[in-house]
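Novice: Take this structure, written in structure tokens, and hold onto it; I'll ask about it next.
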Amino acid sequence: MRWYIIRRLAWALVATWLAVSLTFGLLLAAPNPGADAAAAQCAAQDRDPGECRERYLERRGLDRPAHVQYLDYMSDLAAGDLGYAQSQDKAVTAAIADAWVYSAQYFVPSIFISALLGYSIGLYSALNRYSVTDYLGSFVAYFGISIPNFWFAIVLILVVGVYLRDASLFGVALEPLSLRTYYESDYPVFSVRNAKQLVLPVIVLATASVASQMRYSRAQALEYANSAFVKTARAKGASLWRVLIVHVLRVALVPLSTILIVDILAVLFAGSFVIEQIFQIPGLGRLQLTAITQRDTDLVAAITLIPVVLAIVGNLIQDLAYVVLDPRIDYGDR
Amino acid sequence: MAGMAGLAGCTGGGGSNIELPPGDARWITGTTSGAQSLNPLEVSDEATNNRLGLLYDPGSVTADGLEFDGRMLADYEIAADAQSATYVLRDDLEWGAGYGQLTADDYVAFVEEIVFGGPEGKTGTVGYSQTSSYVLGGEPLEIEKLGKLEFRVNLPQSRGFWLVEDPVRTAFVVPEALIEKYKPFVEREVNGEQANVVTQIGQDEAVTDGSLNGNLGPFSFESWEKGNKLVLSANEDYYLAGEELAGLGSAGPALEEYTYQVFDEQSTAYSAIRAGDITSTGVEGRKVTEVSESDNVQIWESEYGEGTFFLSLNHRVNGWRPIRESREVRQAFAHLMDKTVLIDQIFDGYGDPISTFHEGWGPFYPDDLPEFEPGIQPAREKFAAGTGEDYGYEGEIFVGPDGEQVELTLVIENTRRTGEIVGNYVKQRLGEAGIAVTLEGLSFSNIISTYLQNSVQNNPNYDGEPSFQASSYNNGAWDESVGSQSWDLLYGVGFSGNPFSPWSTINALLPAQSQFNFMGYRPAFPVEETVTRAATASSEAATREIMEQLFTFLARDQPLTWLFSPRATVGYREGVANLPDADSFWDRPNARTLQLRSQ
């Protein structure tokens with residue numbers, strides 16, 4: 001077991017190196033809008049655009065050979081120096097430290113809600129196939145998968161943020177149900193106002209994620225719906241929810257936990273770019289997008305590390321969790 | 001001046017029955033672009049300029065048109081020959097951060113050291129981006145101190161519109177002592193990079209913590225999240241506080257807090273103004289009706305918008321030959337365009353047709369211009385007359401020398417709705433005139449690289465060196481340098497600039513060897529010389545007369561098919577008071593921040 005963990009950690013380092021190197025290479029190959037802007041500005045001032053471009057690159061050390069830049073960057077990274085975020089005018093660590101809090105505020109609730117709702121609806125649907133509730137669950141799933149995040153977010157803002165303010169139902173004003181149209185970063189993190197303004201981002205993000213959790217859990221549960229141990233449990237008089245949670249979920253959790261990690265990273269992290277742009281949340285998604293568009297190499301590489309590390313650590317934890325979830329799994333001889 | 005009749009005003013989105021908290025003096029402006037810096041010396045974009053304008057007053061403003069309206073300047077006088085201007089500062093202006101009184105020395109040091117890089121001319125090391133505005137006809141202007149609060153600027157040539165052009169009058173300066181602190185001018189390391197002097201000053205604590213503004217602006221710095229929001233609070237020490245200003249009443253500011261909130265997604269800003277979460281935001285013309293449906297919104301409108309849009313015609317050798325050879329053919333395109341239809345479809349009516357390279361309300365727009373009545377028949381007649389015997393109509397179809405229907409390539413920017421509307425409209429109208437159209441839709445960056453940037457290497461029929469190389473957009477003459485793909489018509493390029501000083505915009509686009517003449521146009525008119533004469537005329541009237549000649553020529557020659565200029569439309573939360581009726585280009589609500597109230 002110990003060797004297994006050590007080997008996995010070593011592999012984690014290699015994977016991280018690969019991810020960072022790939023990101024660095026892509027950024028190196030991408031056009032540099034800052035240099036283009038510097039050249040254009042000089043042209044407008046009747047100065048030599050080529051010279052201005054070179055000066056811009058020289059100041060930032062981007063005129064050095066690619067391998068020198070790469071070695072320099074990797075050695076700084078190894079020493080724990082993530083560099084300076086030009087797009088934010090602050091150190092990379094400070095920029096990330098300021099941003100992650102905002103992402104976590106809607107990210108963490110979304111994970112819990114999507115896992116809880118997704119698994120609940122999926123398991124319930126599996127044992128109540130072709131019922132109204134099954135169709136309703138499938139509708140939720142397909143709705144979440146089909147609807148684009150950006151469109152759903154814009155419509156929610158319009159309906160909940162704008163229309164509800166002036167609407168009434170049977171003479172009762174619906175204004176109290178309306179929510180803010182964009183994120184106000186001045187509100188204290190642990191306050192009712194902040195919780196209220198996070199409702200819409202959490203709904204949008206969780207909707208997309210619930211769908212895939214629900215579909216996978218339903219498919220997994222169906223495998224066991226007619227198995228002997230489920231029939232036995234039912235024959236012994238176990239309630240539907242006891243069968244679902246104690247018997248079916250227990251065995252289904254192994255593959256589902258694998259999907260959960262991938263899903264969190266794929267759906268949620270990718271979704272955060274859209275969510276933060278539309279709701280104006282100053283989190284990691286916006287930070288990354290700004291860094292990419294402004295070719296802020298240090299910041300892009302550093303933020304890229306976050307999902308990489310999450311994926312590697314998450315997968316490691318998940319492998320270890322298998323042992324707990326399924327006693328038949330043992331890494332003792334690996 | 002054409003079209004100066006007051007079309008501006010406010011139209012409420014509905015009844016004003018909503019109740020705002022009384023005394024709500026917190027103002028939030030929603031914007032799609034953030035400030036790049038809070039360094040007074042690093043202003044190269046409008047967003048940064050707007051924000052710095054709340055922290056630092058300019059010398060004067062021009063809210064009431066072409067008149068001096070003093071702020072930090074108590075007096076300002078342009079000599080009769082328009083070759084010099086004298087400036088007198090108020091004597092109650094104080095820098096913050098212990099830099100003392102603002103005096104003429106600060107302006108002199110700013111111009112001599114920052115703008116021109118000191119006696120050694122180290123402009124590259126200093127890195128000030130607006131130096132070109134201080135160079136006229138290749139010669140730098142000169143500044144001389146006349147007294148503690150008085151200085152004069154001597155111009156190397158007459159400038160009839162100096163009030164509008166004057167960069168000194170509106171510049172954000174810094175204290176002389178702050179400049180001295182960074183001498184000698186050399187590049188130094190800032191945050192791991194070699195930085196120029198302007199960047200070094202921008203990292204000075206007095207600039208970064210916002211304390212430098214002292215009593216010089218209506219607001220004081222509170223916080224800045226780059227790319228997200230800037231929060232300012234009313235400056236209690238503001239030098240104008242309580243003073244009566246002509247046309248503005250008490251200077252205020254009436255607001256306790258002013259926030260610039262960036263919105264990456266424009267639709268969120270529209271929702272926010274409709275919900276009352278923000279106080280104001282710019283609204284695209286085509287969205288005005290939708291946004292103003294909400295009772296919470298009032299729309300401020302000004303006919304004095306900025307920007308001219310046109311259909312580009314390819315005069316280069318890889319374009320349709322009759323375009324470069326026949327004025328009649330170019331006029332035929334003008335006949336095809338019913339500009340009011342396009343304005344209705346694109347801007348929902350919030351735009352104005354133009355017949356030359358100038359905003360319809362612009363100061364130099366001639367009263368009497370050649371107009372081309374919209375219609376298919378006059379277009380067909382001019383296509384037939386202008387293309388020679390090789391071309392002609394066979395029934396409804398316009399055929400070329402090869403006996404086949406003439407087919408043109410129209411390139412549009414397909415990432416914007418406007419491009420699609422214009423593309424489909426032009427295709428339909430040319431189809432009605434018997435000409436087939438192939439639509440090519442690309443992103444703007446792909447349009448640049450595929451069609452606008454050109455080179456002799458793309459021309460298989462030309463082996464030599466280009467006769468000139470103005471820029472990658474004009475990398476040789478019309479018969480030498482072409483884009484990597486051929487094209488005939490293109491929509492997606494527009495220009496905006498100060499309509500009162502359009503010199504550089506015209507000179508960048510139209511002369512045969514200008515930097516942005518991607519069309520390969522060869523004007524049969526001395527454009528550069530005319531622009532220089534207009535800019536250096538000794539009176540506004542003389543400038544106007546010269547420019548009218550140029551604009552009349554461009555209306556007749558139709559090197560591009562002139563289309564429209566948009567109006568300015570801004571959404572305000574219901575309850576915002578004292579919005580001005582727009583009497584001039586400068587008379588916008590943000591020019592009257594001191595007067596606005598949010599309740």
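FYI, nothing fancy with the structure tokens labels: chains A, B, ... in order, residues from 1 per chain, ligands from 1 as they appear.
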What are the DSSP alpha helix (DSSP H) residues of segment 176-257 of chain A, as a VMD selection string?
Specialist: chain A and resid 192 to 197 199 to 225 228 to 235 240 to 242 249 to 257
Novice: Using only C-alpha atoms, find each residue of chain A with at least one atom at most 8 Å away from an atom of chain B; report its shortest atom-to-atom pair and that distance in Å (one decimal), sort the rows by chain and rising residue number, and return the result as CSV.
Specialist:
residue,atom,partner,partner_atom,distance
A:Gln41,CA,B:Ser129,CA,7.4
A:Gln45,CA,B:Ser132,CA,5.3
A:Asp46,CA,B:Ser132,CA,7.9
A:Arg59,CA,B:Gln194,CA,4.9
A:Arg60,CA,B:Glu193,CA,5.5
A:Gly61,CA,B:Glu193,CA,7.7
A:Tyr84,CA,B:Asn191,CA,6.7
A:Gln88,CA,B:Lys226,CA,6.2
A:Ile154,CA,B:Thr268,CA,7.1
A:Ile157,CA,B:Ser271,CA,7.0
A:Leu158,CA,B:Ser271,CA,6.0
A:Gly161,CA,B:Ala275,CA,6.3
A:Val162,CA,B:Ala275,CA,4.9
A:Arg165,CA,B:Ala275,CA,7.0
A:Arg180,CA,B:Asp277,CA,7.1
A:Thr181,CA,B:Ala272,CA,5.4
A:Tyr182,CA,B:Ala272,CA,7.0
A:Gln277,CA,B:Asp264,CA,5.6
A:Ile278,CA,B:Glu265,CA,5.5
A:Phe279,CA,B:Thr268,CA,7.2
A:Gln280,CA,B:Phe263,CA,6.2
A:Pro282,CA,B:Asn228,CA,6.9
Novice: Filtering to N, CA and C atoms, could you give me those residues as a PDB file, in the first residue's frame?
Specialist:
ATOM      1  N   GLN A  41       0.939  51.003 -31.013  1.00  0.00           N
ATOM      2  CA  GLN A  41       1.047  52.315 -30.371  1.00  0.00           C
ATOM      3  C   GLN A  41       2.222  53.106 -30.956  1.00  0.00           C
ATOM      4  N   GLN A  45       2.590  56.644 -33.331  1.00  0.00           N
ATOM      5  CA  GLN A  45       3.433  57.787 -32.946  1.00  0.00           C
ATOM      6  C   GLN A  45       4.588  57.987 -33.925  1.00  0.00           C
ATOM      7  N   ASP A  46       4.470  57.387 -35.103  1.00  0.00           N
ATOM      8  CA  ASP A  46       5.522  57.481 -36.119  1.00  0.00           C
ATOM      9  C   ASP A  46       6.859  56.928 -35.639  1.00  0.00           C
ATOM     10  N   ARG A  59      11.999  43.640 -22.460  1.00  0.00           N
ATOM     11  CA  ARG A  59      11.711  44.017 -21.076  1.00  0.00           C
ATOM     12  C   ARG A  59      11.163  42.836 -20.283  1.00  0.00           C
ATOM     13  N   ARG A  60      10.408  42.005 -20.917  1.00  0.00           N
ATOM     14  CA  ARG A  60       9.776  40.885 -20.229  1.00  0.00           C
ATOM     15  C   ARG A  60      10.581  39.610 -20.346  1.00  0.00           C
ATOM     16  N   GLY A  61      11.735  39.712 -20.941  1.00  0.00           N
ATOM     17  CA  GLY A  61      12.593  38.525 -21.071  1.00  0.00           C
ATOM     18  C   GLY A  61      12.059  37.528 -22.089  1.00  0.00           C
ATOM     19  N   TYR A  84       5.029  36.755 -11.202  1.00  0.00           N
ATOM     20  CA  TYR A  84       4.233  37.968 -11.045  1.00  0.00           C
ATOM     21  C   TYR A  84       3.146  38.003 -12.107  1.00  0.00           C
ATOM     22  N   GLN A  88      -2.723  41.391 -13.391  1.00  0.00           N
ATOM     23  CA  GLN A  88      -3.381  41.798 -12.151  1.00  0.00           C
ATOM     24  C   GLN A  88      -2.549  42.787 -11.342  1.00  0.00           C
ATOM     25  N   ILE A 154     -28.106  33.619 -18.287  1.00  0.00           N
ATOM     26  CA  ILE A 154     -28.656  34.907 -18.737  1.00  0.00           C
ATOM     27  C   ILE A 154     -30.172  34.943 -18.524  1.00  0.00           C
ATOM     28  N   ILE A 157     -31.041  35.268 -14.793  1.00  0.00           N
ATOM     29  CA  ILE A 157     -30.829  36.653 -14.336  1.00  0.00           C
ATOM     30  C   ILE A 157     -32.009  37.527 -14.749  1.00  0.00           C
ATOM     31  N   LEU A 158     -32.418  37.339 -15.988  1.00  0.00           N
ATOM     32  CA  LEU A 158     -33.513  38.153 -16.508  1.00  0.00           C
ATOM     33  C   LEU A 158     -34.822  37.869 -15.762  1.00  0.00           C
ATOM     34  N   GLY A 161     -33.865  38.148 -11.628  1.00  0.00           N
ATOM     35  CA  GLY A 161     -33.310  39.448 -11.249  1.00  0.00           C
ATOM     36  C   GLY A 161     -34.146  40.623 -11.716  1.00  0.00           C
ATOM     37  N   VAL A 162     -34.769  40.489 -12.893  1.00  0.00           N
ATOM     38  CA  VAL A 162     -35.480  41.635 -13.461  1.00  0.00           C
ATOM     39  C   VAL A 162     -36.996  41.488 -13.359  1.00  0.00           C
ATOM     40  N   ARG A 165     -38.944  41.447 -10.005  1.00  0.00           N
ATOM     41  CA  ARG A 165     -38.975  42.695  -9.223  1.00  0.00           C
ATOM     42  C   ARG A 165     -40.284  43.462  -9.409  1.00  0.00           C
ATOM     43  N   ARG A 180     -30.157  39.435  -6.790  1.00  0.00           N
ATOM     44  CA  ARG A 180     -29.260  40.369  -7.474  1.00  0.00           C
ATOM     45  C   ARG A 180     -28.905  39.868  -8.871  1.00  0.00           C
ATOM     46  N   THR A 181     -28.661  40.810  -9.765  1.00  0.00           N
ATOM     47  CA  THR A 181     -28.344  40.429 -11.139  1.00  0.00           C
ATOM     48  C   THR A 181     -26.861  40.115 -11.331  1.00  0.00           C
ATOM     49  N   TYR A 182     -26.040  40.601 -10.440  1.00  0.00           N
ATOM     50  CA  TYR A 182     -24.605  40.304 -10.552  1.00  0.00           C
ATOM     51  C   TYR A 182     -23.994  40.239  -9.157  1.00  0.00           C
ATOM     52  N   GLN A 277     -17.964  34.830 -15.736  1.00  0.00           N
ATOM     53  CA  GLN A 277     -18.073  35.908 -16.717  1.00  0.00           C
ATOM     54  C   GLN A 277     -19.454  36.547 -16.654  1.00  0.00           C
ATOM     55  N   ILE A 278     -20.476  35.714 -16.570  1.00  0.00           N
ATOM     56  CA  ILE A 278     -21.838  36.249 -16.653  1.00  0.00           C
ATOM     57  C   ILE A 278     -22.279  36.883 -15.335  1.00  0.00           C
ATOM     58  N   PHE A 279     -21.948  36.241 -14.219  1.00  0.00           N
ATOM     59  CA  PHE A 279     -22.366  36.796 -12.928  1.00  0.00           C
ATOM     60  C   PHE A 279     -21.348  37.788 -12.369  1.00  0.00           C
ATOM     61  N   GLN A 280     -20.264  37.975 -13.082  1.00  0.00           N
ATOM     62  CA  GLN A 280     -19.245  38.944 -12.686  1.00  0.00           C
ATOM     63  C   GLN A 280     -18.637  38.575 -11.331  1.00  0.00           C
ATOM     64  N   PRO A 282     -15.459  37.609  -9.283  1.00  0.00           N
ATOM     65  CA  PRO A 282     -14.008  37.756  -9.498  1.00  0.00           C
ATOM     66  C   PRO A 282     -13.214  36.543  -9.012  1.00  0.00           C
TER      67      PRO A 282
END
Novice: Go ahead and compute the interatomic distance for atom CA of Asp81 of chain B and atom CA of Glu113 of chain B, in Å to one decimal.
Specialist: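 Interatomic distance here is 27.6 Å.
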Novice: Hey, can you check how far atom CA of Val493 of chain B sits from atom CA of Asn507 of chain B?
Specialist: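 If I compute the distance from atom CA of Val493 of chain B to atom CA of Asn507 of chain B, I get 15.9 Å.
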Novice: Report, in Å to a single decimal, how far apart atom CA of Asp106 of chain B and atom CA of Glu205 of chain B are.
Specialist: 18.7 Å
Novice: With distances taken over only C-alpha atoms, which residue among A:Val248, A:Leu116, A:Ile111, A:Ala35 lies nearest Tyr56 of chain A?
Specialist: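 Using only C-alpha atoms, the shortest distance to Tyr56 of chain A belongs to A:Ala35.
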Novice: So which bits of segment 140-364 of chain B end up strand (DSSP E or B) when you DSSP the backbone, as an NGL selection string?
Specialist: :B and (140 or 142-145 or 150-154 or 188-190 or 193-195 or 219-225 or 229-234 or 244-245 or 249-250 or 257-262 or 280-282 or 297-302 or 308-313 or 351-353)
Novice: Using only C-alpha atoms, which of the listed residues (B:Tyr365, B:Ala568, B:Ala524, B:Leu579) sits closest to Val288 of chain B?
Specialist: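 Using only C-alpha atoms, Val288 of chain B sits closest to B:Ala568.
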Novice: Skip Leu256 of chain A itself and residues of its chain fewer than 2 positions away, then list as a list in words all residues within 9 Å of it, counting only C-alpha atoms.
Specialist: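 Final neighbour list, sorted by chain and number: Tyr119, Gln213, Tyr216, Ser217, Gln220, Ala252, Leu253, Val254, Thr258, Ile259, Leu260 and Ile261 of chain A.
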Novice: Those residues you just picked out, can you put them in a file as a tab-separated table (two decimals), in the first residue's frame with all heavy atoms?
Specialist:
chain	number	residue	atom	x	y	z
A	119	TYR	N	-27.36	11.81	-7.20
A	119	TYR	CA	-27.41	10.42	-6.74
A	119	TYR	C	-28.83	10.05	-6.29
A	119	TYR	O	-29.31	8.95	-6.57
A	119	TYR	CB	-26.43	10.19	-5.61
A	119	TYR	CG	-24.98	10.22	-6.04
A	119	TYR	CD1	-23.94	10.23	-5.11
A	119	TYR	CD2	-24.64	10.22	-7.39
A	119	TYR	CE1	-22.62	10.26	-5.52
A	119	TYR	CE2	-23.32	10.25	-7.80
A	119	TYR	CZ	-22.32	10.27	-6.87
A	119	TYR	OH	-21.02	10.31	-7.28
A	213	GLN	N	-24.45	13.34	-12.90
A	213	GLN	CA	-24.45	12.48	-11.71
A	213	GLN	C	-25.68	11.58	-11.71
A	213	GLN	O	-25.61	10.40	-11.39
A	213	GLN	CB	-24.46	13.32	-10.42
A	213	GLN	CG	-23.33	14.31	-10.27
A	213	GLN	CD	-21.98	13.63	-10.20
A	213	GLN	OE1	-21.90	12.44	-9.92
A	213	GLN	NE2	-20.93	14.38	-10.50
A	216	TYR	N	-25.42	8.77	-14.44
A	216	TYR	CA	-24.48	7.70	-14.09
A	216	TYR	C	-25.01	6.86	-12.93
A	216	TYR	O	-24.91	5.63	-12.94
A	216	TYR	CB	-23.11	8.29	-13.74
A	216	TYR	CG	-22.38	8.83	-14.94
A	216	TYR	CD1	-21.90	10.14	-14.97
A	216	TYR	CD2	-22.15	8.03	-16.06
A	216	TYR	CE1	-21.23	10.63	-16.07
A	216	TYR	CE2	-21.48	8.52	-17.17
A	216	TYR	CZ	-21.02	9.82	-17.17
A	216	TYR	OH	-20.36	10.31	-18.26
A	217	SER	N	-25.55	7.55	-11.94
A	217	SER	CA	-26.02	6.78	-10.77
A	217	SER	C	-27.23	5.91	-11.14
A	217	SER	O	-27.36	4.78	-10.65
A	217	SER	CB	-26.37	7.73	-9.61
A	217	SER	OG	-27.36	8.63	-10.01
A	220	GLN	N	-25.82	2.92	-13.00
A	220	GLN	CA	-25.15	2.00	-12.06
A	220	GLN	C	-26.17	1.23	-11.24
A	220	GLN	O	-26.05	0.01	-11.06
A	220	GLN	CB	-24.23	2.78	-11.12
A	220	GLN	CG	-22.93	3.22	-11.76
A	220	GLN	CD	-22.08	2.03	-12.20
A	220	GLN	OE1	-21.99	1.03	-11.49
A	220	GLN	NE2	-21.49	2.11	-13.39
A	252	ALA	N	-22.52	0.85	-5.70
A	252	ALA	CA	-22.44	1.76	-6.86
A	252	ALA	C	-21.45	2.89	-6.62
A	252	ALA	O	-20.99	3.55	-7.56
A	252	ALA	CB	-23.82	2.34	-7.16
A	253	LEU	N	-21.11	3.14	-5.37
A	253	LEU	CA	-20.26	4.29	-5.06
A	253	LEU	C	-18.86	4.18	-5.65
A	253	LEU	O	-18.22	5.19	-5.93
A	253	LEU	CB	-20.15	4.47	-3.54
A	253	LEU	CG	-21.09	5.51	-2.93
A	253	LEU	CD1	-20.84	5.62	-1.43
A	253	LEU	CD2	-20.92	6.88	-3.58
A	254	VAL	N	-18.37	2.96	-5.85
A	254	VAL	CA	-17.01	2.82	-6.37
A	254	VAL	C	-16.90	3.45	-7.77
A	254	VAL	O	-16.10	4.36	-7.97
A	254	VAL	CB	-16.57	1.34	-6.37
A	254	VAL	CG1	-15.23	1.20	-7.08
A	254	VAL	CG2	-16.49	0.84	-4.95
A	258	THR	N	-15.45	7.59	-9.05
A	258	THR	CA	-14.53	7.87	-10.15
A	258	THR	C	-15.12	8.98	-11.03
A	258	THR	O	-14.44	9.94	-11.39
A	258	THR	CB	-14.36	6.61	-11.03
A	258	THR	OG1	-14.04	5.53	-10.18
A	258	THR	CG2	-13.29	6.81	-12.07
A	259	ILE	N	-16.38	8.82	-11.32
A	259	ILE	CA	-17.04	9.80	-12.19
A	259	ILE	C	-17.12	11.16	-11.51
A	259	ILE	O	-16.95	12.20	-12.14
A	259	ILE	CB	-18.45	9.30	-12.57
A	259	ILE	CG1	-18.33	8.05	-13.43
A	259	ILE	CG2	-19.25	10.36	-13.30
A	259	ILE	CD1	-19.58	7.21	-13.45
A	260	LEU	N	-17.35	11.13	-10.19
A	260	LEU	CA	-17.50	12.39	-9.45
A	260	LEU	C	-16.27	13.27	-9.62
A	260	LEU	O	-16.38	14.47	-9.89
A	260	LEU	CB	-17.75	12.10	-7.96
A	260	LEU	CG	-17.98	13.33	-7.10
A	260	LEU	CD1	-19.27	14.03	-7.49
A	260	LEU	CD2	-18.01	12.97	-5.62
A	261	ILE	N	-15.09	12.69	-9.47
A	261	ILE	CA	-13.86	13.48	-9.58
A	261	ILE	C	-13.74	14.09	-10.98
A	261	ILE	O	-13.49	15.28	-11.14
A	261	ILE	CB	-12.62	12.58	-9.31
A	261	ILE	CG1	-12.67	12.04	-7.87
A	261	ILE	CG2	-11.33	13.36	-9.56
A	261	ILE	CD1	-12.53	13.06	-6.80
Novice: Do a neighbour search on Ala332 of chain B at 9 Å with only C-alpha atoms, toss out local chain neighbours closer than 5 positions, and write the hits as a list in words.
Specialist: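 The neighbour list is Arg327, Phe372, Ile376, Pro378, Ala379, Arg380, Glu381, Lys382, Phe383 and Gly386 of chain B.
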Novice: Could you tell me which of B:Ile412, B:Ala384, B:Met519, B:Thr308 comes closest to Thr505 of chain B if we count only C-alpha atoms?
Specialist: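 Going through B:Ile412, B:Ala384, B:Met519, B:Thr308 one by one, the smallest distance to Thr505 of chain B is for B:Thr308.
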Novice: Which residues come within 12 Å of Leu13 of chain A, counting only C-alpha atoms, excluding same-chain residues fewer than 2 positions away, as an NGL selection string?
Specialist: :A and (6-11 or 15-20 or 78 or 305 or 308-309 or 312-313)
Novice: Keeping only N, CA, C and O atoms, write the selected residues as a short mmCIF file (atom, residue, chain, number, x, y, z; two decimals), in the first residue's frame.
Specialist:
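Now in out_24.cif:
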data_model
loop_
_atom_site.label_atom_id
_atom_site.label_comp_id
_atom_site.auth_asym_id
_atom_site.auth_seq_id
_atom_site.Cartn_x
_atom_site.Cartn_y
_atom_site.Cartn_z
N ILE A 6 3.45 5.89 -2.85
CA ILE A 6 4.68 6.58 -3.27
C ILE A 6 4.76 6.64 -4.80
O ILE A 6 5.10 7.67 -5.39
N ARG A 7 4.42 5.51 -5.43
CA ARG A 7 4.47 5.48 -6.90
C ARG A 7 3.45 6.46 -7.48
O ARG A 7 3.73 7.16 -8.46
N ARG A 8 2.29 6.52 -6.87
CA ARG A 8 1.27 7.44 -7.36
C ARG A 8 1.71 8.90 -7.21
O ARG A 8 1.46 9.74 -8.07
N LEU A 9 2.36 9.20 -6.09
CA LEU A 9 2.85 10.57 -5.87
C LEU A 9 3.92 10.92 -6.90
O LEU A 9 3.97 12.05 -7.41
N ALA A 10 4.80 9.96 -7.17
CA ALA A 10 5.85 10.20 -8.18
C ALA A 10 5.21 10.46 -9.54
O ALA A 10 5.62 11.37 -10.28
N TRP A 11 4.20 9.67 -9.84
CA TRP A 11 3.50 9.87 -11.12
C TRP A 11 2.80 11.23 -11.15
O TRP A 11 2.74 11.89 -12.18
N ALA A 15 3.04 13.97 -14.07
CA ALA A 15 1.83 14.50 -14.73
C ALA A 15 1.79 16.02 -14.61
O ALA A 15 1.43 16.72 -15.57
N THR A 16 2.14 16.53 -13.45
CA THR A 16 2.15 17.98 -13.25
C THR A 16 3.16 18.64 -14.19
O THR A 16 2.88 19.65 -14.82
N TRP A 17 4.34 18.03 -14.25
CA TRP A 17 5.37 18.57 -15.13
C TRP A 17 4.89 18.61 -16.58
O TRP A 17 5.08 19.58 -17.30
N LEU A 18 4.24 17.52 -17.00
CA LEU A 18 3.73 17.45 -18.37
C LEU A 18 2.69 18.55 -18.63
O LEU A 18 2.74 19.24 -19.65
N ALA A 19 1.78 18.70 -17.68
CA ALA A 19 0.71 19.70 -17.85
C ALA A 19 1.28 21.10 -17.93
O ALA A 19 0.89 21.91 -18.79
N VAL A 20 2.21 21.41 -17.02
CA VAL A 20 2.79 22.76 -17.01
C VAL A 20 3.61 22.99 -18.28
O VAL A 20 3.55 24.07 -18.88
N ALA A 78 9.98 25.24 -9.34
CA ALA A 78 10.48 24.22 -8.41
C ALA A 78 10.84 24.86 -7.07
O ALA A 78 10.72 24.23 -6.01
N LEU A 305 -2.25 24.68 -12.83
CA LEU A 305 -1.82 23.70 -11.84
C LEU A 305 -2.97 23.28 -10.91
O LEU A 305 -2.97 22.18 -10.37
N VAL A 308 -5.02 20.44 -12.23
CA VAL A 308 -4.10 19.30 -12.37
C VAL A 308 -3.86 18.66 -11.00
O VAL A 308 -3.99 17.45 -10.83
N VAL A 309 -3.56 19.51 -10.03
CA VAL A 309 -3.31 18.99 -8.68
C VAL A 309 -4.58 18.38 -8.11
O VAL A 309 -4.55 17.29 -7.50
N ILE A 312 -5.11 14.97 -9.71
CA ILE A 312 -4.16 13.95 -9.26
C ILE A 312 -4.44 13.55 -7.81
O ILE A 312 -4.55 12.36 -7.48
N VAL A 313 -4.61 14.55 -6.96
CA VAL A 313 -4.88 14.25 -5.55
C VAL A 313 -6.25 13.58 -5.41
O VAL A 313 -6.40 12.61 -4.65
#
Novice: For Gly217 of chain B, which residue among B:Tyr56, B:Phe309, B:Phe110, B:Phe564 is the nearest when counting only C-alpha atoms?
Specialist: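 Under the stated criterion, the closest residue is B:Tyr56.
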Novice: For segment 526-542 of chain B, list every protein, DNA or RNA residue within 6 Å, evaluated using only C-alpha atoms, and leave out those in the same chain fewer than 5 positions away; present the list as a ChimeraX atom specification.
Specialist: /B:81-82,158-161,503
